[in-house]
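S.K.: Contents of run.pdb (PDB, C-alpha atoms) are below:
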ATOM      1  CA  MET A   1      19.939  17.339   5.197
ATOM      2  CA  PRO A   2      16.282  18.274   5.720
ATOM      3  CA  CYS A   3      14.542  19.275   2.513
ATOM      4  CA  GLY A   4      11.033  20.523   1.765
ATOM      5  CA  ASP A   5       8.670  18.491  -0.386
ATOM      6  CA  ASP A   6       8.953  20.517  -3.572
ATOM      7  CA  ALA A   7      11.296  21.117  -6.491
ATOM      8  CA  ARG A   8      12.584  24.489  -5.251
ATOM      9  CA  SER A   9      13.622  22.961  -1.928
ATOM     10  CA  GLY A  10      15.402  20.122  -3.716
ATOM     11  CA  GLN A  11      17.317  22.617  -5.817
ATOM     12  CA  GLU A  12      18.263  24.749  -2.815
ATOM     13  CA  CYS A  13      19.394  21.713  -0.794
ATOM     14  CA  VAL A  14      21.662  20.405  -3.541
ATOM     15  CA  GLU A  15      23.071  23.890  -4.216
ATOM     16  CA  ALA A  16      23.899  24.225  -0.502
ATOM     17  CA  LEU A  17      25.467  20.759  -0.406
ATOM     18  CA  LEU A  18      27.631  21.496  -3.445
ATOM     19  CA  ARG A  19      28.753  24.838  -1.958
ATOM     20  CA  SER A  20      29.728  23.276   1.362
ATOM     21  CA  HIS A  21      31.116  20.021  -0.098
ATOM     22  CA  PRO A  22      32.492  20.750  -3.585
ATOM     23  CA  ASP A  23      33.901  17.220  -3.970
ATOM     24  CA  LEU A  24      30.614  15.540  -3.052
ATOM     25  CA  PRO A  25      30.216  12.613  -5.485
ATOM     26  CA  ALA A  26      26.620  11.561  -4.746
ATOM     27  CA  VAL A  27      23.380  12.044  -2.829
ATOM     28  CA  THR A  28      20.475   9.862  -1.778
ATOM     29  CA  THR A  29      16.968  11.162  -1.249
ATOM     30  CA  ILE A  30      13.726   9.877   0.191
ATOM     31  CA  ASN A  31      11.930  12.941  -1.148
ATOM     32  CA  GLU A  32      10.601  12.261  -4.635
ATOM     33  CA  ALA A  33       8.905  15.664  -4.818
ATOM     34  CA  ALA A  34      12.350  17.293  -4.620
ATOM     35  CA  LEU A  35      13.745  15.285  -7.570
ATOM     36  CA  PRO A  36      13.027  17.893 -10.294
ATOM     37  CA  GLY A  37      14.892  20.529  -8.272
ATOM     38  CA  ILE A  38      17.764  18.166  -7.540
ATOM     39  CA  GLN A  39      18.027  17.499 -11.250
ATOM     40  CA  ARG A  40      17.976  21.242 -12.020
ATOM     41  CA  ALA A  41      20.671  22.025  -9.415
ATOM     42  CA  LEU A  42      22.987  19.359 -10.815
ATOM     43  CA  ALA A  43      22.473  20.582 -14.379
ATOM     44  CA  ASP A  44      23.046  24.211 -13.312
ATOM     45  CA  ALA A  45      26.302  23.109 -11.653
ATOM     46  CA  GLY A  46      27.364  21.490 -14.928
ATOM     47  CA  LEU A  47      27.269  17.998 -13.411
ATOM     48  CA  GLN A  48      26.158  15.101 -15.571
ATOM     49  CA  VAL A  49      24.466  12.190 -13.853
ATOM     50  CA  PRO A  50      26.008   9.605 -13.525
ATOM     51  CA  TYR A  51      29.320  10.635 -15.135
ATOM     52  CA  ASP A  52      30.109  13.436 -12.668
ATOM     53  CA  PHE A  53      27.610  12.756  -9.903
ATOM     54  CA  SER A  54      25.468   9.837  -8.747
ATOM     55  CA  ILE A  55      22.036   9.944  -7.173
ATOM     56  CA  THR A  56      19.902   7.254  -5.569
ATOM     57  CA  GLY A  57      16.649   7.397  -3.725
ATOM     58  CA  VAL A  58      13.523   5.878  -2.344
ATOM     59  CA  ALA A  59      10.736   6.717  -4.744
ATOM     60  CA  PRO A  60       7.715   5.346  -6.542
ATOM     61  CA  LYS A  61       8.666   3.704  -9.825
ATOM     62  CA  ALA A  62       6.956   6.424 -11.897
ATOM     63  CA  TRP A  63       9.043   9.169 -10.231
ATOM     64  CA  ALA A  64      12.241   7.143 -10.578
ATOM     65  CA  GLU A  65      11.646   6.511 -14.253
ATOM     66  CA  ASP A  66      10.779  10.179 -14.903
ATOM     67  CA  PHE A  67      14.164  11.279 -13.572
ATOM     68  CA  HIS A  68      16.858  11.719 -16.215
ATOM     69  CA  PRO A  69      18.703   9.447 -16.299
ATOM     70  CA  ARG A  70      16.378   6.966 -14.665
ATOM     71  CA  LEU A  71      16.885   6.932 -10.888
ATOM     72  CA  THR A  72      18.439   3.954  -9.128
ATOM     73  CA  ALA A  73      16.003   3.564  -6.264
ATOM     74  CA  ALA A  74      14.237   1.460  -3.722
ATOM     75  CA  ASP A  75      10.876   1.362  -5.436
ATOM     76  CA  VAL A  76       7.935   2.338  -3.252
ATOM     77  CA  PRO A  77       5.101  -0.066  -4.047
ATOM     78  CA  ALA A  78       2.315   2.296  -2.931
ATOM     79  CA  LEU A  79      -0.592  -0.003  -3.800
ATOM     80  CA  GLU A  80       0.965  -2.957  -1.976
ATOM     81  CA  MET A  81       1.789  -0.724   1.005
ATOM     82  CA  GLY A  82      -1.815   0.444   1.224
ATOM     83  CA  GLU A  83      -3.177  -3.081   0.989
ATOM     84  CA  LYS A  84      -0.831  -4.329   3.714
ATOM     85  CA  ALA A  85      -1.608  -1.334   5.940
ATOM     86  CA  VAL A  86      -5.345  -2.043   5.772
ATOM     87  CA  SER A  87      -4.746  -5.748   6.401
ATOM     88  CA  LEU A  88      -2.573  -4.987   9.436
ATOM     89  CA  LEU A  89      -5.109  -2.507  10.791
ATOM     90  CA  VAL A  90      -7.865  -5.119  10.566
ATOM     91  CA  GLU A  91      -5.546  -7.660  12.213
ATOM     92  CA  ARG A  92      -4.578  -5.218  14.973
ATOM     93  CA  ASN A  93      -8.237  -4.385  15.673
ATOM     94  CA  ALA A  94      -9.060  -8.099  15.935
ATOM     95  CA  ALA A  95      -6.007  -8.862  18.125
ATOM     96  CA  PRO A  96      -4.699  -5.672  19.778
ATOM     97  CA  GLY A  97      -1.732  -7.482  21.360
ATOM     98  CA  THR A  98      -0.288  -8.520  18.010
ATOM     99  CA  PRO A  99       3.406  -7.568  18.012
ATOM    100  CA  PRO A 100       4.730  -5.189  15.330
ATOM    101  CA  ARG A 101       6.436  -6.878  12.393
ATOM    102  CA  HIS A 102       8.358  -6.054   9.277
ATOM    103  CA  ILE A 103       6.013  -6.325   6.326
ATOM    104  CA  LEU A 104       7.712  -4.887   3.292
ATOM    105  CA  SER A 105      11.108  -5.029   1.620
ATOM    106  CA  PRO A 106      10.908  -2.769  -1.412
ATOM    107  CA  PRO A 107      12.998  -3.915  -4.353
ATOM    108  CA  ILE A 108      15.991  -1.836  -5.357
ATOM    109  CA  SER A 109      15.977  -1.169  -9.067
ATOM    110  CA  LEU A 110      19.386  -0.443 -10.526
ATOM    111  CA  ARG A 111      18.794   2.118 -13.222
ATOM    112  CA  SER A 112      21.093   4.713 -14.783
ATOM    113  CA  SER A 113      21.770   7.362 -12.132
ATOM    114  CA  THR A 114      24.804   5.804 -10.460
ATOM    115  CA  ALA A 115      28.401   5.142 -11.451
ATOM    116  CA  ALA A 116      31.778   4.736  -9.774
ATOM    117  CA  ALA A 117      32.810   7.844  -7.855
ATOM    118  CA  ARG A 118      35.240  10.138  -9.629
ATOM    119  CA  THR A 119      38.118  11.728  -7.741
ATOM    120  CA  GLY A 120      39.514  15.221  -7.875
ATOM    121  CA  ARG A 121      36.420  16.954  -9.269
ATOM    122  CA  GLN A 122      35.914  20.580  -8.298
ATOM    123  CA  VAL A 123      32.578  22.378  -8.620
TER     124      VAL A 123
END
Just give me the structure as structure tokens.
M.R.:
Amino acid sequence: MPCGDDARSGQECVEALLRSHPDLPAVTTINEAALPGIQRALADAGLQVPYDFSITGVAPKAWAEDFHPRLTAADVPALEMGEKAVSLLVERNAAPGTPPRHILSPPISLRSSTAAARTGRQV
């Protein structure tokens, strides 16, 4: 589901998902800016993470660890990404025919925002 890059959009997206899919057990996001709103929507719905609802994401470590409970996520190593991007740009300028390649496999940090899915929950 497309979601704007702000807390209000995160809240509105999760509210819409819960209305249209009341038994939804989990979400994943690549939008760290929406995390505060996602958290607010789940709390407003009376859902406790991870007991009633799980959430995972792709987010910088600081964002993931600010989420309550801490977000299970593929950590975005921003500094390493920037360094590799500059290195690849220099390489590409020196050898324009260099084929594209996979350069990064972010680690997945298992934190506290996921649990086994519950059945039969109604929102």
S.K.: Output as AutoDock Vina command-line options the centre and edge lengths (Å, one decimal) of the box along x, y and z of the file that holds every listed atom of segment 88-92 of chain A after adding 3 Å on each side.
M.R.:
--center_x -5.2 --center_y -5.1 --center_z 12.2 --size_x 11.3 --size_y 11.2 --size_z 11.5
S.K.: The PyMOL selection byres ((chain A and resi 68-84) around 10) - which residues does that actually catch in the file I just gave you? List them as a PyMOL selection string.
M.R.: chain A and resi 28-30+35-36+39+48-50+54-67+85-90+103-114
S.K.: Pick the closest to Leu17 of chain A from A:Pro96, A:Ala41, A:Asn31, A:Arg101: which is it, counting all atoms listed in the file?
M.R.: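 Looking at the shortest contact to Leu17 of chain A, the residue is A:Ala41.
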S.K.: Using only C-alpha atoms for the distances, tell me which of A:Cys3, A:Ala116, A:Val14, A:Ala95 is nearest to Asp44 of chain A.
M.R.: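 Ranking A:Cys3, A:Ala116, A:Val14, A:Ala95 by distance to Asp44 of chain A, first place goes to A:Val14.
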S.K.: Kindly give the distance, in Å, that separates atom CA of Arg19 of chain A and atom CA of Arg40 of chain A, rounded to a single decimal.
M.R.: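 Pair atom CA of Arg19 of chain A / atom CA of Arg40 of chain A returns 15.2 Å.
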S.K.: My list of candidates is A:Ala7, A:Ala16, A:Ala117, A:Leu24. Which is closest to Gly37 of chain A when distances are computed with all atoms listed in the file?
M.R.: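 For Gly37 of chain A, the nearest of the given residues is A:Ala7.
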S.K.: Quick check on the file I pasted: which residues fall under the PyMOL selection byres ((chain A and resi 25) around 10)? Write them as a PyMOL selection string.
M.R.: chain A and resi 18+21-24+26-27+50-55+115-121
S.K.: Record the distance separating atom CA of Leu42 of chain A and atom CA of Arg8 of chain A, expressed in Å with one decimal.
M.R.: 12.9 Å
S.K.: Just the number, please: distance in Å from atom CA of Glu15 of chain A to atom CA of Leu47 of chain A, one decimal.
M.R.: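 According to the coordinates, atom CA of Glu15 of chain A and atom CA of Leu47 of chain A are separated by 11.7 Å.
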S.K.: For Met1 of chain A, which of A:Pro99, A:Asn93, A:Glu32, A:Cys13 is the closest residue, counting only C-alpha atoms?
M.R.: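 That would be A:Cys13, the residue with the smallest distance to Met1 of chain A.
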S.K.: Have segment 33-47 of chain A completed to N, CA and C atoms, please, and pass it along as a PDB file, keeping the file's coordinate frame.
M.R.:
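Resulting contents of result_1.pdb:
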ATOM      1  N   ALA A  33       9.401  14.366  -4.356  1.00  0.00           N
ATOM      2  CA  ALA A  33       8.905  15.664  -4.818  1.00  0.00           C
ATOM      3  C   ALA A  33      10.053  16.645  -5.057  1.00  0.00           C
ATOM      4  N   ALA A  34      11.189  16.418  -4.441  1.00  0.00           N
ATOM      5  CA  ALA A  34      12.350  17.293  -4.620  1.00  0.00           C
ATOM      6  C   ALA A  34      13.182  16.921  -5.845  1.00  0.00           C
ATOM      7  N   LEU A  35      12.919  15.770  -6.460  1.00  0.00           N
ATOM      8  CA  LEU A  35      13.745  15.285  -7.570  1.00  0.00           C
ATOM      9  C   LEU A  35      13.890  16.279  -8.734  1.00  0.00           C
ATOM     10  N   PRO A  36      12.827  16.937  -9.187  1.00  0.00           N
ATOM     11  CA  PRO A  36      13.027  17.893 -10.294  1.00  0.00           C
ATOM     12  C   PRO A  36      14.013  19.008  -9.937  1.00  0.00           C
ATOM     13  N   GLY A  37      13.966  19.491  -8.706  1.00  0.00           N
ATOM     14  CA  GLY A  37      14.892  20.529  -8.272  1.00  0.00           C
ATOM     15  C   GLY A  37      16.312  20.011  -8.119  1.00  0.00           C
ATOM     16  N   ILE A  38      16.445  18.793  -7.646  1.00  0.00           N
ATOM     17  CA  ILE A  38      17.764  18.166  -7.540  1.00  0.00           C
ATOM     18  C   ILE A  38      18.381  18.070  -8.928  1.00  0.00           C
ATOM     19  N   GLN A  39      17.571  17.628  -9.862  1.00  0.00           N
ATOM     20  CA  GLN A  39      18.027  17.499 -11.250  1.00  0.00           C
ATOM     21  C   GLN A  39      18.453  18.863 -11.806  1.00  0.00           C
ATOM     22  N   ARG A  40      17.668  19.889 -11.542  1.00  0.00           N
ATOM     23  CA  ARG A  40      17.976  21.242 -12.020  1.00  0.00           C
ATOM     24  C   ARG A  40      19.270  21.768 -11.402  1.00  0.00           C
ATOM     25  N   ALA A  41      19.454  21.548 -10.098  1.00  0.00           N
ATOM     26  CA  ALA A  41      20.671  22.025  -9.415  1.00  0.00           C
ATOM     27  C   ALA A  41      21.915  21.356  -9.986  1.00  0.00           C
ATOM     28  N   LEU A  42      21.831  20.073 -10.258  1.00  0.00           N
ATOM     29  CA  LEU A  42      22.987  19.359 -10.815  1.00  0.00           C
ATOM     30  C   LEU A  42      23.297  19.857 -12.224  1.00  0.00           C
ATOM     31  N   ALA A  43      22.265  20.060 -13.020  1.00  0.00           N
ATOM     32  CA  ALA A  43      22.473  20.582 -14.379  1.00  0.00           C
ATOM     33  C   ALA A  43      23.058  21.990 -14.330  1.00  0.00           C
ATOM     34  N   ASP A  44      22.531  22.840 -13.443  1.00  0.00           N
ATOM     35  CA  ASP A  44      23.046  24.211 -13.312  1.00  0.00           C
ATOM     36  C   ASP A  44      24.504  24.223 -12.881  1.00  0.00           C
ATOM     37  N   ALA A  45      24.910  23.204 -12.106  1.00  0.00           N
ATOM     38  CA  ALA A  45      26.302  23.109 -11.653  1.00  0.00           C
ATOM     39  C   ALA A  45      27.191  22.477 -12.723  1.00  0.00           C
ATOM     40  N   GLY A  46      26.591  22.100 -13.849  1.00  0.00           N
ATOM     41  CA  GLY A  46      27.364  21.490 -14.928  1.00  0.00           C
ATOM     42  C   GLY A  46      27.734  20.043 -14.656  1.00  0.00           C
ATOM     43  N   LEU A  47      26.978  19.389 -13.771  1.00  0.00           N
ATOM     44  CA  LEU A  47      27.269  17.998 -13.411  1.00  0.00           C
ATOM     45  C   LEU A  47      26.349  17.062 -14.182  1.00  0.00           C
TER      46      LEU A  47
END
